[in-house]
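File shown here: query07.tsv, holding TSV, C-alpha atoms.
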chain	number	residue	atom	x	y	z
A	1	MET	CA	6.59	144.64	-47.73
A	2	PHE	CA	5.73	148.05	-46.36
A	3	ILE	CA	2.03	147.24	-46.05
A	4	ALA	CA	2.67	143.93	-44.33
A	5	SER	CA	5.12	145.58	-41.95
A	6	LEU	CA	2.66	148.38	-41.29
A	7	ILE	CA	-0.05	145.88	-40.43
A	8	ILE	CA	2.22	143.99	-38.05
A	9	PHE	CA	3.46	147.23	-36.50
A	10	ASN	CA	-0.06	148.52	-35.91
A	11	PHE	CA	-1.09	145.14	-34.50
A	12	LEU	CA	1.74	145.26	-31.95
A	13	ILE	CA	0.86	148.83	-31.00
A	14	MET	CA	-2.77	147.81	-30.50
A	15	ILE	CA	-1.69	144.95	-28.23
A	16	TYR	CA	0.40	147.36	-26.20
A	17	ILE	CA	-2.47	149.84	-25.93
A	18	ALA	CA	-4.69	147.01	-24.63
A	19	PHE	CA	-2.10	146.21	-21.94
A	20	ALA	CA	-1.72	149.89	-21.11
A	21	LEU	CA	-5.46	150.36	-20.71
A	22	ALA	CA	-5.60	147.31	-18.44
A	23	ILE	CA	-2.82	148.75	-16.29
A	24	LEU	CA	-4.49	152.16	-16.11
A	25	PHE	CA	-7.78	150.46	-15.25
A	26	HIS	CA	-6.20	148.74	-12.25
A	27	LEU	CA	-4.44	151.89	-11.06
A	28	ARG	CA	-7.69	153.79	-11.38
A	29	LYS	CA	-10.06	151.25	-9.86
A	30	TYR	CA	-8.00	150.08	-6.90
A	31	ARG	CA	-6.38	153.36	-5.99
A	32	TRP	CA	-6.23	154.37	-2.41
A	33	PRO	CA	-6.80	158.05	-1.62
A	34	SER	CA	-3.69	160.20	-1.12
A	35	ASP	CA	-1.26	157.72	-2.63
A	36	LEU	CA	1.12	157.80	-5.59
A	37	ASN	CA	-1.35	156.46	-8.10
A	38	SER	CA	-1.79	159.74	-9.96
A	39	ALA	CA	1.97	160.23	-10.24
A	40	SER	CA	2.62	156.65	-11.33
A	41	THR	CA	-0.21	156.89	-13.88
A	42	THR	CA	1.25	160.08	-15.36
A	43	ILE	CA	4.74	158.60	-15.54
A	44	PHE	CA	3.42	155.47	-17.24
A	45	ILE	CA	1.45	157.44	-19.84
A	46	ILE	CA	4.40	159.71	-20.61
A	47	GLY	CA	6.74	156.72	-20.95
A	48	SER	CA	4.26	154.92	-23.19
A	49	LEU	CA	3.91	157.91	-25.48
A	50	LEU	CA	7.67	158.27	-25.59
A	51	PHE	CA	8.30	154.67	-26.60
A	52	ILE	CA	5.42	154.60	-29.07
A	53	GLY	CA	6.78	157.78	-30.67
A	54	LEU	CA	10.24	156.22	-30.78
A	55	ALA	CA	8.89	153.08	-32.44
A	56	PHE	CA	6.96	155.13	-34.98
A	57	PHE	CA	10.06	157.21	-35.73
A	58	PHE	CA	12.22	154.15	-36.37
A	59	PHE	CA	9.47	152.57	-38.46
A	60	VAL	CA	9.22	155.53	-40.84
A	61	SER	CA	13.00	155.91	-40.95
A	62	ILE	CA	13.34	152.50	-42.61
A	63	PRO	CA	14.00	152.95	-46.37
A	64	TRP	CA	10.99	150.93	-47.51
A	65	GLY	CA	11.25	152.13	-51.09
A	66	THR	CA	14.87	151.00	-51.38
A	67	ILE	CA	14.06	147.62	-49.85
A	68	THR	CA	11.23	147.10	-52.31
A	69	GLU	CA	13.53	147.88	-55.22
A	70	ILE	CA	16.22	145.52	-54.02
A	71	VAL	CA	13.86	142.72	-53.06
A	72	PRO	CA	10.87	143.15	-55.41
A	73	ASP	CA	9.49	139.69	-54.64
A	74	PHE	CA	8.56	140.95	-51.18
A	75	ASN	CA	6.53	143.89	-52.47
A	76	LEU	CA	3.05	143.29	-51.04
B	1	MET	CA	-13.26	152.33	-1.86
B	2	PHE	CA	-13.97	148.75	-2.80
B	3	PHE	CA	-15.31	147.87	0.66
B	4	GLU	CA	-17.76	149.50	3.04
B	5	LEU	CA	-17.18	150.31	6.64
B	6	LYS	CA	-19.48	148.71	9.15
B	7	PRO	CA	-21.34	150.74	11.78
B	8	GLU	CA	-18.95	152.26	14.35
B	9	GLU	CA	-16.00	151.04	12.32
B	10	LYS	CA	-13.15	153.42	11.60
B	11	ILE	CA	-9.86	153.02	9.78
B	12	ILE	CA	-6.84	153.00	12.10
B	13	MET	CA	-4.07	152.67	9.55
B	14	THR	CA	-3.28	151.53	6.02
B	15	LEU	CA	-0.15	149.60	5.21
B	16	ARG	CA	1.72	149.00	1.99
B	17	ARG	CA	4.85	147.07	1.23
B	18	HIS	CA	8.01	148.94	2.10
B	19	TRP	CA	9.25	151.38	-0.57
B	20	LEU	CA	12.51	149.41	-0.80
B	21	VAL	CA	10.60	146.36	-2.02
B	22	LEU	CA	9.04	148.49	-4.74
B	23	THR	CA	12.44	149.90	-5.63
B	24	PHE	CA	14.10	146.47	-5.86
B	25	SER	CA	11.26	145.24	-8.08
B	26	LEU	CA	11.96	148.09	-10.49
B	27	ILE	CA	15.76	147.76	-10.34
B	28	TRP	CA	15.84	144.07	-11.27
B	29	PHE	CA	13.82	144.99	-14.37
B	30	LEU	CA	16.42	147.49	-15.62
B	31	PRO	CA	18.67	144.90	-17.36
B	32	VAL	CA	15.75	144.13	-19.68
B	33	PHE	CA	16.08	147.65	-21.08
B	34	LEU	CA	19.84	147.25	-21.54
B	35	ILE	CA	19.65	144.04	-23.60
B	36	PRO	CA	19.35	145.89	-26.96
B	37	PHE	CA	22.56	147.82	-26.28
B	38	VAL	CA	24.37	144.57	-25.51
B	39	LEU	CA	23.09	143.10	-28.77
B	40	TRP	CA	24.18	146.21	-30.67
B	41	LEU	CA	27.68	146.04	-29.21
B	42	THR	CA	27.84	142.34	-30.02
B	43	ALA	CA	26.74	142.98	-33.60
B	44	SER	CA	29.34	145.76	-33.91
B	45	TYR	CA	32.06	143.50	-32.55
B	46	LEU	CA	31.10	140.67	-34.91
B	47	ASN	CA	30.81	143.18	-37.79
B	48	ILE	CA	27.50	141.73	-38.98
B	49	GLN	CA	25.84	145.09	-39.72
B	50	SER	CA	24.54	145.96	-43.17
B	51	VAL	CA	22.77	148.95	-44.74
B	52	PHE	CA	19.39	147.79	-43.53
B	53	PHE	CA	20.52	146.33	-40.22
B	54	ALA	CA	20.47	149.51	-38.14
B	55	PRO	CA	16.92	150.73	-38.99
B	56	PHE	CA	15.34	147.34	-38.44
B	57	PHE	CA	17.42	146.74	-35.32
B	58	TRP	CA	16.40	150.00	-33.69
B	59	LEU	CA	12.77	149.43	-34.67
B	60	PHE	CA	12.95	146.07	-32.90
B	61	CYS	CA	14.61	147.76	-29.92
B	62	SER	CA	11.94	150.43	-29.66
B	63	LEU	CA	9.21	147.77	-29.63
B	64	TRP	CA	11.23	145.78	-27.08
B	65	TRP	CA	11.45	148.85	-24.83
B	66	LEU	CA	7.75	149.51	-25.29
B	67	PHE	CA	6.72	146.06	-24.05
B	68	ALA	CA	9.41	146.08	-21.37
B	69	TRP	CA	7.85	149.31	-20.13
B	70	ALA	CA	4.49	147.51	-19.95
B	71	GLY	CA	6.13	144.65	-18.06
B	72	LEU	CA	7.67	147.11	-15.63
B	73	ALA	CA	4.29	148.73	-15.08
B	74	ILE	CA	2.60	145.36	-14.50
B	75	ASN	CA	5.31	144.50	-11.97
B	76	TRP	CA	4.68	147.84	-10.26
B	77	VAL	CA	0.93	147.23	-10.18
B	78	ASN	CA	1.39	143.75	-8.70
B	79	ILE	CA	3.35	145.10	-5.76
B	80	TYR	CA	1.96	148.60	-5.30
B	81	LEU	CA	-1.67	147.46	-5.17
B	82	ASP	CA	-0.93	145.04	-2.31
B	83	TYR	CA	-2.07	146.79	0.84
B	84	TRP	CA	-3.70	146.17	4.20
B	85	ILE	CA	-6.34	148.23	5.91
B	86	ILE	CA	-6.59	148.00	9.68
B	87	THR	CA	-9.80	149.15	11.30
B	88	ASN	CA	-10.96	148.91	14.87
B	89	GLN	CA	-12.91	145.74	14.00
B	90	ARG	CA	-11.01	143.86	11.29
B	91	ILE	CA	-8.02	143.64	9.01
B	92	ILE	CA	-8.65	143.80	5.28
B	93	SER	CA	-6.00	142.38	3.00
B	94	THR	CA	-5.79	143.02	-0.73
B	95	TYR	CA	-3.37	141.15	-2.96
B	96	GLN	CA	-2.90	141.96	-6.62
B	97	LYS	CA	-1.62	138.82	-8.32
B	98	GLY	CA	-1.42	140.13	-11.86
B	99	LEU	CA	-3.73	141.83	-14.29
B	100	PHE	CA	-7.37	141.01	-13.55
B	101	ARG	CA	-6.45	138.76	-10.64
B	102	ARG	CA	-7.04	140.18	-7.18
B	103	GLU	CA	-7.71	138.64	-3.79
B	104	VAL	CA	-9.40	140.44	-0.93
B	105	SER	CA	-9.60	138.89	2.52
B	106	GLU	CA	-10.72	140.13	5.89
B	107	LEU	CA	-9.97	138.97	9.38
B	108	SER	CA	-12.00	139.93	12.41
B	109	PHE	CA	-10.10	140.78	15.56
B	110	SER	CA	-12.22	138.24	17.43
B	111	ARG	CA	-10.39	135.44	15.63
B	112	ILE	CA	-6.83	136.57	16.32
B	113	GLN	CA	-4.86	134.30	18.60
B	114	ASP	CA	-1.23	135.16	17.95
B	115	ILE	CA	0.76	137.88	16.17
B	116	THR	CA	4.33	137.13	15.08
B	117	VAL	CA	6.83	139.49	13.46
B	118	SER	CA	9.44	138.07	11.11
B	119	VAL	CA	12.40	140.26	10.07
B	120	LYS	CA	15.04	138.31	8.19
B	121	GLY	CA	18.25	139.59	6.64
B	122	ILE	CA	20.65	142.48	7.06
B	123	ILE	CA	18.79	144.96	4.86
B	124	LYS	CA	15.42	144.28	6.46
B	125	THR	CA	16.94	144.59	9.92
B	126	PHE	CA	18.62	147.94	9.30
B	127	VAL	CA	15.77	149.40	7.25
B	128	ASN	CA	13.19	147.94	9.66
B	129	TYR	CA	10.66	146.15	7.53
B	130	GLY	CA	9.42	142.60	7.57
B	131	SER	CA	6.42	140.30	7.66
B	132	LEU	CA	3.74	140.01	10.24
B	133	GLU	CA	1.95	136.69	10.68
B	134	ILE	CA	-1.39	136.53	12.40
B	135	ARG	CA	-2.61	133.14	13.55
B	136	THR	CA	-6.33	132.79	13.81
B	137	ALA	CA	-8.80	130.63	15.60
B	138	GLY	CA	-10.25	129.18	12.44
B	139	THR	CA	-9.36	128.46	8.82
B	140	PHE	CA	-9.22	131.01	6.04
B	141	ASP	CA	-11.03	130.83	2.76
B	142	LYS	CA	-8.60	133.12	0.99
B	143	ILE	CA	-5.02	133.03	2.16
B	144	ARG	CA	-2.06	133.94	0.02
B	145	GLU	CA	0.49	131.11	-0.07
B	146	PRO	CA	-0.14	129.89	3.49
B	147	LYS	CA	2.37	127.82	5.31
B	148	GLU	CA	-0.44	126.81	7.64
B	149	ASP	CA	-4.17	126.90	7.12
B	150	ASN	CA	-4.88	129.56	9.76
B	151	VAL	CA	-2.20	132.19	9.10
B	152	PHE	CA	-2.89	135.70	7.84
B	153	ILE	CA	0.27	137.34	6.52
B	154	LEU	CA	1.17	141.01	6.02
B	155	GLU	CA	4.29	140.94	3.87
B	156	ASP	CA	7.22	143.39	3.85
B	157	ILE	CA	5.49	146.09	5.85
B	158	PRO	CA	7.47	148.98	7.34
B	159	LYS	CA	7.94	149.18	11.13
B	160	PRO	CA	6.47	145.72	11.79
B	161	TYR	CA	7.11	145.87	15.54
B	162	GLU	CA	5.10	149.10	15.87
B	163	VAL	CA	2.32	147.56	13.80
B	164	GLN	CA	2.39	144.49	16.05
B	165	ASN	CA	1.99	146.70	19.12
B	166	THR	CA	-0.84	148.59	17.48
B	167	LEU	CA	-2.64	145.41	16.51
B	168	SER	CA	-2.23	144.01	20.02
B	169	GLN	CA	-3.72	147.15	21.48
B	170	ILE	CA	-6.62	147.13	19.04
B	171	HIS	CA	-7.23	143.45	19.75
B	172	HIS	CA	-7.15	144.10	23.48
B	173	ASP	CA	-9.65	146.94	23.17
B	174	TYR	CA	-11.87	144.87	20.86
B	175	VAL	CA	-11.98	141.93	23.28
B	176	ASN	CA	-12.75	144.22	26.21
B	177	ASP	CA	-15.51	146.02	24.34
B	178	HIS	CA	-17.19	142.78	23.22
B	179	SER	CA	-16.86	140.94	26.51
B	180	ARG	CA	-19.10	143.40	28.31
Can the structure in the file be given as structure tokens, please?
Amino acid sequence: MFIASLIIFNFLIMIYIAFALAILFHLRKYRWPSDLNSASTTIFIIGSLLFIGLAFFFFVSIPWGTITEIVPDFNL
Amino acid sequence: MFFELKPEEKIIMTLRRHWLVLTFSLIWFLPVFLIPFVLWLTASYLNIQSVFFAPFFWLFCSLWWLFAWAGLAINWVNIYLDYWIITNQRIISTYQKGLFRREVSELSFSRIQDITVSVKGIIKTFVNYGSLEIRTAGTFDKIREPKEDNVFILEDIPKPYEVQNTLSQIHHDYVNDHSR
């Protein structure tokens, strides 16, 4: 179950990174000089790293070993 | 810049949507981030938590917040990357309609026939922002949600009356310069 969950988790993170790169591409390409683009880009990157770190923390905090013992049929 | 200035063309001003519009667009997105807390309180009230409920729930919440953050950023991009560039020869309008969907239009001052300011509502009146509609002599190939075929709209710009006066002056100077 851990491996399957890890695959799904990584897949979702990859999807988010694709969205994030698209957003950063737009902010970079269509920026107007002397505007807030650099600040908004920094805030977005920091927030993304924060939420990705949070998701990773909660993922590893799940007791996968205990779940596998209790529900062995789901051990993939 | 994504466009090139013509000979003897200079930028007079650049306009964005009013900062209050950007703020409102972010504020209405905040409840999306609060939904997990509501669900947690509901689950606590209904006493449906188990040993494994909390870790999986907070993992789901963290992923929810992650994609909500992306949604918030996309909303920001859609509004923040709408802007108008006014030169001494034309008006360039850029509308960001979502990721990888952008419309750029330009209107020469020779085609302007009428400029109308529209300020509706208490907040817009006191904060002084609104829309500016420019009616042209011909039709437009790229117009964003037109009510008529020959209307060029600058939406939610700050100080619309001052912008109207500036555009009128630029148009007057343009017509005088090109009628000689």
Original post:
What is the distance between CA of Leu26 in chain B and CA of Ala43 in chain B, in Å to one decimal?
Top reply: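 Atom-to-atom, CA of Leu26 in chain B to CA of Ala43 in chain B, that is 27.9 Å.
As for CA of Tyr83 in chain B and CA of Asp156 in chain B, they are spaced 10.3 Å apart.
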If you take only C-alpha atoms and a cut-off of 10 Å, which residues of chain B touch chain A, and what are their nearest atom pairs and distances in Å to one decimal, in chain and number order, as a Markdown table?
| residue | atom | partner | partner_atom | distance |
| --- | --- | --- | --- | --- |
| B:Met1 | CA | A:Trp32 | CA | 7.3 |
| B:Phe2 | CA | A:Tyr30 | CA | 7.4 |
| B:Thr14 | CA | A:Trp32 | CA | 9.4 |
| B:Val51 | CA | A:Pro63 | CA | 9.8 |
| B:Phe52 | CA | A:Ile62 | CA | 7.7 |
| B:Phe53 | CA | A:Ile62 | CA | 9.8 |
| B:Ala54 | CA | A:Ile62 | CA | 8.9 |
| B:Pro55 | CA | A:Ile62 | CA | 5.4 |
| B:Phe56 | CA | A:Ile62 | CA | 6.9 |
| B:Phe57 | CA | A:Phe58 | CA | 9.1 |
| B:Trp58 | CA | A:Phe58 | CA | 6.5 |
| B:Leu59 | CA | A:Phe58 | CA | 5.0 |
| B:Phe60 | CA | A:Ala55 | CA | 8.1 |
| B:Cys61 | CA | A:Ala55 | CA | 8.2 |
| B:Ser62 | CA | A:Ala55 | CA | 4.9 |
| B:Leu63 | CA | A:Ala55 | CA | 6.0 |
| B:Trp64 | CA | A:Ala55 | CA | 9.4 |
| B:Trp65 | CA | A:Phe51 | CA | 6.9 |
| B:Leu66 | CA | A:Phe51 | CA | 5.4 |
| B:Phe67 | CA | A:Tyr16 | CA | 6.8 |
| B:Trp69 | CA | A:Ser48 | CA | 7.3 |
| B:Ala70 | CA | A:Ala20 | CA | 6.8 |
| B:Gly71 | CA | A:Phe19 | CA | 9.2 |
| B:Leu72 | CA | A:Phe44 | CA | 9.5 |
| B:Ala73 | CA | A:Phe44 | CA | 7.1 |
| B:Ile74 | CA | A:Ile23 | CA | 6.6 |
| B:Trp76 | CA | A:Ser40 | CA | 9.1 |
| B:Val77 | CA | A:Leu27 | CA | 7.2 |
| B:Asn78 | CA | A:His26 | CA | 9.8 |
| B:Tyr80 | CA | A:Asn37 | CA | 9.0 |
| B:Leu81 | CA | A:Tyr30 | CA | 7.1 |
| B:Asp82 | CA | A:Tyr30 | CA | 9.8 |
| B:Tyr83 | CA | A:Trp32 | CA | 9.2 |
| B:Thr94 | CA | A:Tyr30 | CA | 9.6 |
| B:Gln96 | CA | A:His26 | CA | 9.4 |
| B:Gly98 | CA | A:Ile23 | CA | 9.8 |
| B:Leu99 | CA | A:Ala22 | CA | 7.1 |
| B:Phe100 | CA | A:His26 | CA | 7.9 |
| B:Arg102 | CA | A:Tyr30 | CA | 10.0 |
Subject >> Pairwise distance for CA of Tyr129 in chain B and CA of Arg28 in chain A, rounded to one decimal in Å >> reply: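 Computed distance, CA of Tyr129 in chain B to CA of Arg28 in chain A, equals 27.4 Å.
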**OP:** Can you pull out every residue within 6 Å of Phe109 in chain B, counting all atoms listed in the file, but drop anything in the same chain fewer than 6 positions away, and send it as a ChimeraX atom specification?
**Re:** /B:89-90,171
